[in-house]
$ cat input_29.cif   # mmCIF, C-alpha atoms
data_coords
loop_
_atom_site.label_atom_id
_atom_site.label_comp_id
_atom_site.auth_asym_id
_atom_site.auth_seq_id
_atom_site.Cartn_x
_atom_site.Cartn_y
_atom_site.Cartn_z
CA MET Y 133 -90.61 12.92 125.75
CA THR Y 134 -89.94 15.10 122.70
CA PRO Y 135 -87.52 13.44 120.25
CA PRO Y 136 -84.39 15.43 119.35
CA ALA Y 137 -84.56 17.60 116.26
CA SER Y 138 -83.22 16.12 113.04
CA PRO Y 139 -79.71 17.21 112.07
CA PRO Y 140 -80.78 19.49 109.19
CA SER Y 141 -83.00 21.64 111.43
CA ARG Y 142 -80.61 21.56 114.38
CA PHE Y 143 -77.73 22.78 112.26
CA GLN Y 144 -79.61 25.01 109.86
CA SER Y 145 -77.91 28.14 111.26
CA LEU Y 146 -74.56 26.80 109.98
CA ASP Y 147 -75.73 27.73 106.49
CA LEU Y 148 -75.25 31.37 107.47
CA LEU Y 149 -71.49 30.86 107.85
CA ALA Y 150 -69.06 31.64 105.07
CA THR Y 151 -66.65 28.97 106.36
CA LEU Y 152 -66.98 25.33 105.31
CA VAL Y 153 -68.64 23.24 108.05
CA ALA Y 154 -69.63 19.58 108.35
CA VAL Y 155 -71.18 17.79 111.31
CA VAL Y 156 -69.97 14.19 111.39
CA ALA Y 157 -70.50 11.08 113.48
CA GLY Y 158 -67.67 9.25 115.22
CA ASP Y 159 -67.26 6.88 112.28
CA GLY Y 160 -66.73 9.84 109.91
CA SER Y 161 -70.15 9.75 108.24
CA VAL Y 162 -71.58 13.19 107.45
CA LEU Y 163 -74.72 14.18 109.37
CA PHE Y 164 -74.92 17.71 107.95
CA ALA Y 165 -73.01 19.84 105.43
CA ASN Y 166 -73.54 23.58 105.15
CA SER Y 167 -74.05 25.33 101.83
CA ALA Y 168 -70.50 26.74 101.79
CA LEU Y 169 -69.08 23.20 101.94
CA GLU Y 170 -71.52 22.10 99.27
CA ASP Y 171 -70.26 24.87 96.97
CA ALA Y 172 -66.61 24.10 97.71
CA LEU Y 173 -66.91 20.37 97.02
CA GLY Y 174 -69.03 20.94 93.93
CA ILE Y 175 -71.56 18.24 94.88
CA SER Y 176 -75.02 18.41 96.37
CA ARG Y 177 -75.71 18.30 100.08
CA ARG Y 178 -77.79 15.18 99.61
CA THR Y 179 -74.74 13.43 98.15
CA ILE Y 180 -72.41 14.66 100.89
CA GLU Y 181 -74.65 13.69 103.80
CA GLY Y 182 -74.19 10.04 104.70
CA SER Y 183 -70.83 9.83 102.93
CA ASN Y 184 -67.52 9.19 104.68
CA PHE Y 185 -66.06 12.66 105.25
CA PRO Y 186 -62.40 11.62 105.72
CA HIS Y 187 -62.46 10.38 102.12
CA CYS Y 188 -62.98 13.99 101.00
CA PHE Y 189 -59.33 14.63 101.90
CA THR Y 190 -56.08 13.59 100.25
CA GLU Y 191 -55.04 11.99 103.57
CA PRO Y 192 -58.22 10.55 105.15
CA GLN Y 193 -56.45 9.05 108.15
CA ASN Y 194 -55.60 12.48 109.62
CA LEU Y 195 -59.27 13.38 110.08
CA GLN Y 196 -60.11 9.91 111.36
CA ASN Y 197 -57.36 10.23 113.98
CA ALA Y 198 -58.67 13.68 114.96
CA LEU Y 199 -62.21 12.34 115.41
CA GLU Y 200 -60.90 9.49 117.55
CA GLY Y 201 -58.90 11.92 119.68
CA ALA Y 202 -61.94 14.14 120.18
CA ARG Y 203 -64.12 11.13 121.05
CA THR Y 204 -61.71 10.02 123.79
CA ASN Y 205 -61.47 13.61 125.13
CA GLU Y 206 -57.74 13.86 124.43
CA PHE Y 207 -58.35 17.51 123.48
CA ALA Y 208 -61.16 20.05 123.32
CA ALA Y 209 -60.37 20.95 119.71
CA LEU Y 210 -57.73 19.91 117.24
CA ARG Y 211 -56.28 21.95 114.38
CA TYR Y 212 -54.21 20.89 111.41
CA ASP Y 213 -53.69 21.71 107.73
CA ALA Y 214 -54.99 19.44 104.98
CA TRP Y 215 -56.02 19.24 101.32
CA LEU Y 216 -59.73 19.01 100.50
CA LEU Y 217 -60.65 17.13 97.31
CA ARG Y 218 -63.02 19.07 95.02
CA THR Y 219 -65.19 17.55 92.32
CA SER Y 220 -65.92 20.95 90.78
CA SER Y 221 -62.36 21.94 89.82
CA GLY Y 222 -60.35 18.79 90.36
CA GLU Y 223 -57.73 20.85 92.20
CA PRO Y 224 -57.37 20.10 95.95
CA LEU Y 225 -58.08 23.08 98.20
CA PRO Y 226 -55.58 23.80 101.03
CA VAL Y 227 -57.57 24.22 104.25
CA HIS Y 228 -57.04 24.66 107.97
CA VAL Y 229 -59.13 22.00 109.77
CA VAL Y 230 -60.67 22.52 113.20
CA VAL Y 231 -62.34 19.52 114.87
CA ALA Y 232 -64.47 19.94 118.02
CA GLN Y 233 -67.07 17.79 119.75
CA THR Y 234 -70.66 19.01 120.06
CA ASP Y 235 -72.81 18.58 123.16
CA GLN Y 236 -73.96 15.22 121.80
CA PRO Y 237 -71.88 12.03 122.21
CA SER Y 238 -69.99 10.88 119.09
CA GLU Y 239 -70.97 14.00 117.16
CA PHE Y 240 -68.35 16.45 115.90
CA VAL Y 241 -68.14 19.79 114.09
CA VAL Y 242 -65.44 19.95 111.44
CA GLU Y 243 -64.72 23.51 110.30
CA LEU Y 244 -62.56 24.13 107.24
CA LEU Y 245 -60.94 27.49 106.66
CA PRO Y 246 -59.27 27.94 103.27
CA LEU Y 247 -55.66 28.78 104.07
CA GLU Y 248 -55.95 32.01 102.09
CA ALA Y 249 -58.77 33.09 104.42
CA GLN Y 250 -56.78 31.97 107.47
CA ALA Y 251 -53.79 33.99 106.28
CA ARG Y 252 -56.04 37.00 105.74
CA GLN Y 253 -57.46 36.67 109.25
CA ASP Y 254 -53.95 36.46 110.72
CA ARG Y 255 -52.92 39.52 108.69
CA GLU Y 256 -55.93 41.49 109.94
CA GLU Y 257 -55.15 40.61 113.54
CA ARG Y 258 -51.56 41.78 113.04
CA LEU Y 259 -52.81 45.05 111.52
CA ILE Y 260 -55.09 45.69 114.50
CA ASP Y 261 -52.38 44.92 117.05
CA GLN Y 262 -49.91 46.98 115.05
CA ALA Y 263 -52.26 49.97 114.89
CA GLN Y 264 -52.84 49.84 118.65
CA ALA Y 265 -49.11 49.69 119.31
CA ASN Y 266 -48.54 52.56 116.86
CA LYS Y 267 -51.16 54.66 118.61
CA GLU Y 268 -49.52 54.23 122.00
CA LEU Y 269 -46.05 54.80 120.56
CA ILE Y 270 -47.11 57.97 118.74
CA ARG Y 271 -48.88 59.42 121.74
CA ASN Y 272 -46.00 58.78 124.12
CA LEU Y 273 -43.31 59.90 121.65
CA ALA Y 274 -45.19 63.07 120.73
CA HIS Y 275 -45.56 64.11 124.36
CA GLU Y 276 -41.87 63.38 125.02
CA ILE Y 277 -40.88 65.59 122.06
CA LYS Y 278 -43.40 68.33 122.76
CA ASN Y 279 -42.12 69.30 126.21
CA PRO Y 280 -38.46 70.06 125.34
CA LEU Y 281 -39.46 71.73 122.08
CA GLY Y 282 -41.07 74.61 123.92
CA GLY Y 283 -37.91 75.06 125.99
CA ILE Y 284 -35.66 75.00 122.91
CA ARG Y 285 -37.75 77.59 121.11
CA GLY Y 286 -37.99 79.83 124.16
CA ALA Y 287 -34.24 79.66 124.79
CA ALA Y 288 -33.55 80.54 121.14
CA GLN Y 289 -35.83 83.59 121.39
CA LEU Y 290 -34.09 84.78 124.56
CA LEU Y 291 -30.68 84.21 122.98
CA GLU Y 292 -31.74 86.19 119.92
CA MET Y 293 -32.35 89.24 122.12
CA GLU Y 294 -28.76 89.13 123.46
CA ILE Y 295 -26.65 88.45 120.35
CA SER Y 296 -25.53 90.61 117.46
CA LYS Y 297 -27.69 90.99 114.37
CA ASP Y 298 -25.40 88.94 112.12
CA LEU Y 299 -25.80 85.89 114.41
CA LYS Y 300 -29.61 86.02 114.50
CA GLU Y 301 -29.73 83.94 111.34
CA TYR Y 302 -28.72 80.93 113.44
CA THR Y 303 -31.35 81.47 116.13
CA GLN Y 304 -33.97 81.83 113.38
CA VAL Y 305 -32.96 78.40 112.09
CA ILE Y 306 -33.48 76.95 115.58
CA ILE Y 307 -36.87 78.64 115.94
CA HIS Y 308 -37.99 77.58 112.45
CA GLU Y 309 -37.00 73.94 112.97
CA ALA Y 310 -38.64 73.88 116.43
CA ASP Y 311 -41.86 75.17 114.82
CA ARG Y 312 -41.62 72.53 112.09
CA LEU Y 313 -41.26 69.77 114.70
CA GLN Y 314 -44.15 71.26 116.68
CA THR Y 315 -46.35 71.02 113.58
CA LEU Y 316 -45.35 67.38 113.12
CA VAL Y 317 -46.14 66.60 116.77
CA ASP Y 318 -49.53 68.31 116.46
CA ARG Y 319 -50.32 66.13 113.44
CA LEU Y 320 -49.34 63.02 115.39
CA LEU Y 321 -51.59 63.96 118.30
CA ALA Y 322 -54.49 65.28 116.20
CA PRO Y 323 -56.54 62.02 116.00
CA HIS Y 324 -56.37 61.59 119.78
CA ARG Y 325 -57.31 65.19 120.62
CA ARG Y 326 -60.19 65.77 118.25
CA PRO Y 327 -63.59 64.62 119.56
CA HIS Y 328 -65.39 61.91 117.59
CA VAL Y 329 -68.33 63.76 115.95
CA VAL Y 330 -70.92 61.13 115.10
CA GLY Y 331 -73.70 61.61 112.56
CA ASP Y 332 -75.29 59.91 109.56
CA VAL Y 333 -72.68 59.23 106.86
CA ASN Y 334 -73.33 58.60 103.18
CA ILE Y 335 -70.14 56.99 101.89
CA HIS Y 336 -70.75 58.26 98.36
CA GLU Y 337 -70.88 61.85 99.60
CA VAL Y 338 -67.50 61.17 101.22
CA CYS Y 339 -66.13 59.79 97.93
CA GLU Y 340 -67.50 62.73 95.93
CA ARG Y 341 -65.90 65.23 98.29
CA VAL Y 342 -62.54 63.48 97.99
CA ARG Y 343 -62.95 63.24 94.21
CA SER Y 344 -63.50 67.00 93.90
CA LEU Y 345 -60.45 67.75 96.06
CA ILE Y 346 -58.24 65.37 94.07
CA LEU Y 347 -59.37 66.72 90.69
CA ALA Y 348 -58.77 70.28 91.89
CA GLU Y 349 -55.16 69.36 92.67
CA PHE Y 350 -54.64 67.10 89.62
CA PRO Y 351 -56.88 68.58 86.89
CA ARG Y 352 -55.05 66.96 83.96
CA GLY Y 353 -53.77 63.49 83.17
CA LEU Y 354 -55.87 61.75 85.85
CA LYS Y 355 -59.13 59.88 85.25
CA VAL Y 356 -61.25 59.27 88.36
CA VAL Y 357 -63.66 56.34 87.91
CA ARG Y 358 -66.71 55.90 90.15
CA GLU Y 359 -68.18 52.42 90.62
CA TYR Y 360 -70.80 52.90 93.31
CA ASP Y 361 -73.31 50.48 94.79
CA THR Y 362 -76.10 52.95 95.49
CA SER Y 363 -77.96 50.45 97.72
CA ILE Y 364 -75.39 50.91 100.52
CA PRO Y 365 -77.23 52.45 103.49
CA GLU Y 366 -76.09 55.38 105.57
CA PHE Y 367 -74.33 54.54 108.82
CA ARG Y 368 -73.31 56.35 111.97
CA GLY Y 369 -69.83 57.81 111.88
CA ASP Y 370 -67.59 60.85 111.78
CA ARG Y 371 -67.91 62.22 108.24
CA GLU Y 372 -64.89 64.51 108.44
CA GLN Y 373 -62.62 61.75 109.75
CA LEU Y 374 -63.68 59.44 106.91
CA ILE Y 375 -63.14 62.18 104.32
CA GLN Y 376 -59.64 62.68 105.70
CA ALA Y 377 -58.94 58.93 105.69
CA VAL Y 378 -60.05 58.46 102.08
CA LEU Y 379 -58.30 61.66 101.02
CA ASN Y 380 -55.01 60.50 102.56
CA ILE Y 381 -55.20 57.22 100.62
CA ALA Y 382 -56.24 58.90 97.37
CA HIS Y 383 -53.59 61.60 97.69
CA ASN Y 384 -50.87 58.99 98.28
CA ALA Y 385 -52.10 57.15 95.19
CA CYS Y 386 -51.93 60.31 93.07
CA GLN Y 387 -48.39 61.03 94.20
CA ALA Y 388 -47.42 57.47 93.22
CA LEU Y 389 -49.12 58.11 89.85
CA ALA Y 390 -46.95 61.15 89.06
CA ASP Y 391 -45.34 59.59 85.98
CA ARG Y 392 -48.65 58.32 84.63
CA ILE Y 393 -50.33 61.67 85.27
CA ALA Y 394 -47.56 63.29 83.25
CA ALA Y 395 -48.18 60.72 80.49
CA GLY Y 396 -51.95 61.33 80.68
CA ASP Y 397 -53.05 57.73 81.45
CA ALA Y 398 -53.34 57.73 85.25
CA GLU Y 399 -56.50 56.17 86.70
CA LEU Y 400 -57.98 56.25 90.19
CA VAL Y 401 -61.05 54.13 90.99
CA PHE Y 402 -63.52 54.55 93.86
CA ARG Y 403 -65.52 51.33 94.18
CA THR Y 404 -68.15 50.65 96.86
CA ARG Y 405 -69.65 47.24 97.61
CA ILE Y 406 -71.52 45.45 100.39
CA ALA Y 407 -69.75 42.46 101.95
CA ARG Y 408 -71.93 39.85 103.68
CA GLN Y 409 -71.05 37.57 106.58
CA VAL Y 410 -67.48 38.86 106.88
CA THR Y 411 -65.02 38.55 109.75
CA PHE Y 412 -62.47 41.24 110.54
CA GLY Y 413 -61.16 42.80 113.68
CA LYS Y 414 -61.76 39.42 115.40
CA GLN Y 415 -65.53 39.91 114.98
CA ARG Y 416 -68.10 38.64 112.50
CA TYR Y 417 -70.48 41.09 110.83
CA ARG Y 418 -73.63 40.41 108.87
CA LEU Y 419 -72.99 43.39 106.60
CA ALA Y 420 -69.98 45.60 106.00
CA LEU Y 421 -69.04 48.42 103.66
CA GLU Y 422 -66.17 47.76 101.27
CA LEU Y 423 -64.64 50.91 99.81
CA HIS Y 424 -61.81 50.26 97.35
CA VAL Y 425 -59.40 52.99 96.27
CA ILE Y 426 -57.53 51.52 93.30
CA ASP Y 427 -54.77 53.07 91.20
CA ASN Y 428 -52.74 51.92 88.21
CA GLY Y 429 -49.43 53.14 89.59
CA PRO Y 430 -46.15 51.26 90.11
CA GLY Y 431 -47.28 49.56 93.31
CA VAL Y 432 -46.02 49.72 96.88
CA PRO Y 433 -42.26 49.04 97.09
CA ASP Y 434 -41.46 45.59 98.47
CA SER Y 435 -39.14 47.15 101.04
CA ILE Y 436 -42.01 48.86 102.89
CA ARG Y 437 -45.04 46.72 101.92
CA ASP Y 438 -45.37 45.19 105.39
CA ARG Y 439 -44.80 48.55 107.12
CA ILE Y 440 -46.90 51.04 105.15
CA PHE Y 441 -49.21 51.71 108.12
CA PHE Y 442 -46.27 52.34 110.46
CA PRO Y 443 -45.77 56.00 111.42
CA LEU Y 444 -43.01 57.88 109.59
CA VAL Y 445 -42.68 55.17 106.90
CA SER Y 446 -42.95 56.65 103.41
CA GLY Y 447 -42.14 55.43 99.93
CA ARG Y 448 -41.80 59.00 98.65
CA GLU Y 449 -38.88 61.37 98.99
CA GLY Y 450 -39.84 64.04 101.50
CA GLY Y 451 -43.04 62.27 102.61
CA SER Y 452 -44.05 62.53 106.27
CA GLY Y 453 -45.18 58.91 106.51
CA LEU Y 454 -48.25 59.90 108.51
CA GLY Y 455 -51.05 59.78 105.91
CA LEU Y 456 -51.77 56.05 106.02
CA THR Y 457 -51.15 55.85 109.78
CA LEU Y 458 -53.80 58.52 110.39
CA ALA Y 459 -56.17 56.92 107.85
CA GLN Y 460 -55.92 53.57 109.66
CA THR Y 461 -56.53 55.31 113.00
CA PHE Y 462 -59.63 57.11 111.72
CA VAL Y 463 -61.10 53.94 110.19
CA GLN Y 464 -60.40 51.89 113.31
CA GLN Y 465 -62.31 54.48 115.33
CA HIS Y 466 -65.28 53.29 113.21
CA HIS Y 467 -64.50 49.65 114.23
CA GLY Y 468 -63.12 49.14 110.73
CA LEU Y 469 -59.88 48.24 109.04
CA ILE Y 470 -57.80 49.21 105.99
CA GLU Y 471 -56.06 46.51 103.95
CA CYS Y 472 -53.68 46.87 101.02
CA ASP Y 473 -53.12 44.56 98.07
CA SER Y 474 -50.47 45.83 95.67
CA VAL Y 475 -48.85 44.63 92.46
CA PRO Y 476 -47.34 46.73 89.66
CA GLU Y 477 -50.08 48.71 87.86
CA ARG Y 478 -52.72 47.85 90.49
CA THR Y 479 -52.72 48.94 94.11
CA ASP Y 480 -55.97 48.38 95.99
CA PHE Y 481 -56.58 49.95 99.41
CA LYS Y 482 -59.73 48.41 100.86
CA ILE Y 483 -61.60 50.10 103.69
CA LEU Y 484 -63.93 47.82 105.67
CA ILE Y 485 -66.52 49.34 108.02
CA PRO Y 486 -69.39 47.45 109.71
CA LEU Y 487 -72.91 48.41 108.61
CA PRO Y 488 -76.01 48.31 110.81
#
$ encode --input "input_29.cif" --output "structure tokens"
Amino acid sequence: MTPPASPPSRFQSLDLLATLVAVVAGDGSVLFANSALEDALGISRRTIEGSNFPHCFTEPQNLQNALEGARTNEFAALRYDAWLLRTSSGEPLPVHVVVAQTDQPSEFVVELLPLEAQARQDREERLIDQAQANKELIRNLAHEIKNPLGGIRGAAQLLEMEISKDLKEYTQVIIHEADRLQTLVDRLLAPHRRPHVVGDVNIHEVCERVRSLILAEFPRGLKVVREYDTSIPEFRGDREQLIQAVLNIAHNACQALADRIAAGDAELVFRTRIARQVTFGKQRYRLALELHVIDNGPGVPDSIRDRIFFPLVSGREGGSGLGLTLAQTFVQQHHGLIECDSVPERTDFKILIPLP
């Protein structure tokens, strides 16, 4: 009979995870600690393994109770929040703890998610659900508006043929406003009508195209900084959709930078990076593109910060409120996501797209 593999080889794949993971025995002793946990605690794996894992927390009894509950099959997995003690910084780390039993008796996996990461994951899930709801709302609302618009315009044209010349000014107002609403509806429906044209995309060609368009519109007072990671590979996608998505974000940034452009110290940064072992959109990816569009403007107003990707929400007088909604739609059609982090003098829109 072949003896079971030793814990280090059995759990070696856990080193690939970005989350903090320990495999512990029923008495709380550590059988295996992945490299992420090693880094977080600031001590070597050799020191961690064999130690009493509950003592790595400010309240050891909580983990001990969780292990006992898992051992007696009171639950399949238990979750709670705790504080992890760290030798490296001395400051406890707030974490979300998940305890689950393995397929071996009295052996448990303890996964620790820093609460900041947990909050980010929750935020991403809300963004995805929100974008899906927005898409359905936009499509249904646009179709409901579109049908009567044609009738209103047609009736105004017929009326114009029957009334005196001095009253035609009013029918022209009706026709003009109907056309304006028609244009808005067409913009709302555009992402759902246009076929997804897939080809090889070089993200830096996308950024350069957007850069040239932005500088043509804002030739003075704006500095565009390029910080490219040239090792990022090409990927399959719709180049025109991505250009439009990045352009919408960059154009919004430039409009927010109006005062700084006038003063001559406005700055827009395009930064590309590769993210490894990242989770977004409820999936984990080995590699992902990170494209940051960063400006030194006043920041997103607090009143709309949680709603900036909603349709028809704009922080600018006269804005349509569609630019970021369409950008999010285009990026999500590439299985990606757009996030926003904004404080005064630094707003960072981050586009995440999986790489092959």
$ atom_distance --input "input_29.cif" --atom1 "atom CA of Y:Phe462" --atom2 "atom CA of Y:Ala377"
6.3 Å
$ resolve_selection --input "input_29.cif" --expression "the PyMOL selection byres ((chain Y and resi 468-485) around 8)" --output "ChimeraX atom specification"
/Y:256,260,381,412-413,420-432,460,463-467,486-487
$ write_last_selection --input "input_29.cif" --atoms "C-alpha atoms" --output "PDB file, in the frame of the given file"
ATOM      1  CA  GLU Y 256     -55.930  41.490 109.940  1.00  0.00           C
ATOM      2  CA  ILE Y 260     -55.090  45.690 114.500  1.00  0.00           C
ATOM      3  CA  ILE Y 381     -55.200  57.220 100.620  1.00  0.00           C
ATOM      4  CA  PHE Y 412     -62.470  41.240 110.540  1.00  0.00           C
ATOM      5  CA  GLY Y 413     -61.160  42.800 113.680  1.00  0.00           C
ATOM      6  CA  ALA Y 420     -69.980  45.600 106.000  1.00  0.00           C
ATOM      7  CA  LEU Y 421     -69.040  48.420 103.660  1.00  0.00           C
ATOM      8  CA  GLU Y 422     -66.170  47.760 101.270  1.00  0.00           C
ATOM      9  CA  LEU Y 423     -64.640  50.910  99.810  1.00  0.00           C
ATOM     10  CA  HIS Y 424     -61.810  50.260  97.350  1.00  0.00           C
ATOM     11  CA  VAL Y 425     -59.400  52.990  96.270  1.00  0.00           C
ATOM     12  CA  ILE Y 426     -57.530  51.520  93.300  1.00  0.00           C
ATOM     13  CA  ASP Y 427     -54.770  53.070  91.200  1.00  0.00           C
ATOM     14  CA  ASN Y 428     -52.740  51.920  88.210  1.00  0.00           C
ATOM     15  CA  GLY Y 429     -49.430  53.140  89.590  1.00  0.00           C
ATOM     16  CA  PRO Y 430     -46.150  51.260  90.110  1.00  0.00           C
ATOM     17  CA  GLY Y 431     -47.280  49.560  93.310  1.00  0.00           C
ATOM     18  CA  VAL Y 432     -46.020  49.720  96.880  1.00  0.00           C
ATOM     19  CA  GLN Y 460     -55.920  53.570 109.660  1.00  0.00           C
ATOM     20  CA  VAL Y 463     -61.100  53.940 110.190  1.00  0.00           C
ATOM     21  CA  GLN Y 464     -60.400  51.890 113.310  1.00  0.00           C
ATOM     22  CA  GLN Y 465     -62.310  54.480 115.330  1.00  0.00           C
ATOM     23  CA  HIS Y 466     -65.280  53.290 113.210  1.00  0.00           C
ATOM     24  CA  HIS Y 467     -64.500  49.650 114.230  1.00  0.00           C
ATOM     25  CA  PRO Y 486     -69.390  47.450 109.710  1.00  0.00           C
ATOM     26  CA  LEU Y 487     -72.910  48.410 108.610  1.00  0.00           C
TER      27      LEU Y 487
END
$ atom_distance --input "input_29.cif" --atom1 "atom CA of Y:Val317" --atom2 "atom CA of Y:Gly455"
13.7 Å
$ residues_around --input "input_29.cif" --residues "stretch 168-174 of chain Y" --least-positions-apart "3" --cutoff "9 Å" --atoms "all atoms listed in the file" --output "VMD selection string"
chain Y and resid 147 to 154 165 177 180 188 216 to 221 225 244
$ atom_distance --input "input_29.cif" --atom1 "atom CA of Y:Pro237" --atom2 "atom CA of Y:Arg142"
15.1 Å
$ closest_residue --input "input_29.cif" --among "Y:Glu223, Y:Glu181, Y:Glu337, Y:Asp391" --to "Y:Leu163" --atoms "all atoms listed in the file"
Y:Glu181
$ residues_near_point --input "input_29.cif" --point "(-60.4, 14.6, 114.8)" --cutoff "12 Å" --atoms "only C-alpha atoms" --output "ChimeraX atom specification"
/Y:155-160,185-186,192-212,229-233,238-243
$ closest_residue --input "input_29.cif" --among "Y:Leu389, Y:Ala394, Y:Val401, Y:Ala287" --to "Y:Cys339" --atoms "all atoms listed in the file"
Y:Val401
$ resolve_selection --input "input_29.cif" --expression "the PyMOL selection byres ((chain Y and resi 277-286) around 8)" --output "MDAnalysis selection string"
chainID Y and resid 273:276 287:290 306:307 310:311 313:314 317
$ resolve_selection --input "input_29.cif" --expression "the PyMOL selection byres ((chain Y and resi 356-364) around 6)" --output "count of residues only"
9
$ axis_aligned_box --input "input_29.cif" --around "stretch 238-246 of chain Y" --padding-each-side "6 Å" --output "JSON"
{"center_x": -65.1, "center_y": 19.4, "center_z": 111.2, "size_x": 23.7, "size_y": 29.1, "size_z": 27.8}
$ residues_near_point --input "input_29.cif" --point "(-65.3, 63.9, 112.2)" --cutoff "7 Å" --atoms "all atoms listed in the file" --output "PyMOL selection string"
chain Y and resi 328-330+370-373
$ write_last_selection --input "input_29.cif" --atoms "C-alpha atoms" --output "PDB file, in the coordinates of the input"
ATOM      1  CA  HIS Y 328     -65.390  61.910 117.590  1.00  0.00           C
ATOM      2  CA  VAL Y 329     -68.330  63.760 115.950  1.00  0.00           C
ATOM      3  CA  VAL Y 330     -70.920  61.130 115.100  1.00  0.00           C
ATOM      4  CA  ASP Y 370     -67.590  60.850 111.780  1.00  0.00           C
ATOM      5  CA  ARG Y 371     -67.910  62.220 108.240  1.00  0.00           C
ATOM      6  CA  GLU Y 372     -64.890  64.510 108.440  1.00  0.00           C
ATOM      7  CA  GLN Y 373     -62.620  61.750 109.750  1.00  0.00           C
TER       8      GLN Y 373
END
$ decode --input "input_29.cif" --residues "stretch 219-238 of chain Y" --atoms "C-alpha atoms" --output "compact mmCIF listing (two decimals), in the first residue's frame"
# COMPACT_ATOMS: atom_id res chain seq x y z
CA THR Y 219 5.55 39.69 13.40
CA SER Y 220 6.65 41.76 10.41
CA SER Y 221 4.74 44.98 11.19
CA GLY Y 222 3.43 44.45 14.69
CA GLU Y 223 0.01 45.68 13.53
CA PRO Y 224 -2.79 43.06 13.54
CA LEU Y 225 -4.33 42.42 10.13
CA PRO Y 226 -8.16 42.34 9.89
CA VAL Y 227 -9.14 39.17 8.02
CA HIS Y 228 -12.20 37.18 7.05
CA VAL Y 229 -11.66 33.56 8.17
CA VAL Y 230 -13.11 30.56 6.35
CA VAL Y 231 -12.71 27.13 7.97
CA ALA Y 232 -13.54 23.93 6.06
CA GLN Y 233 -12.67 20.27 6.54
CA THR Y 234 -10.59 18.44 3.93
CA ASP Y 235 -11.25 14.88 2.77
CA GLN Y 236 -9.00 13.64 5.59
CA PRO Y 237 -10.27 13.22 9.17
CA SER Y 238 -9.19 15.93 11.63
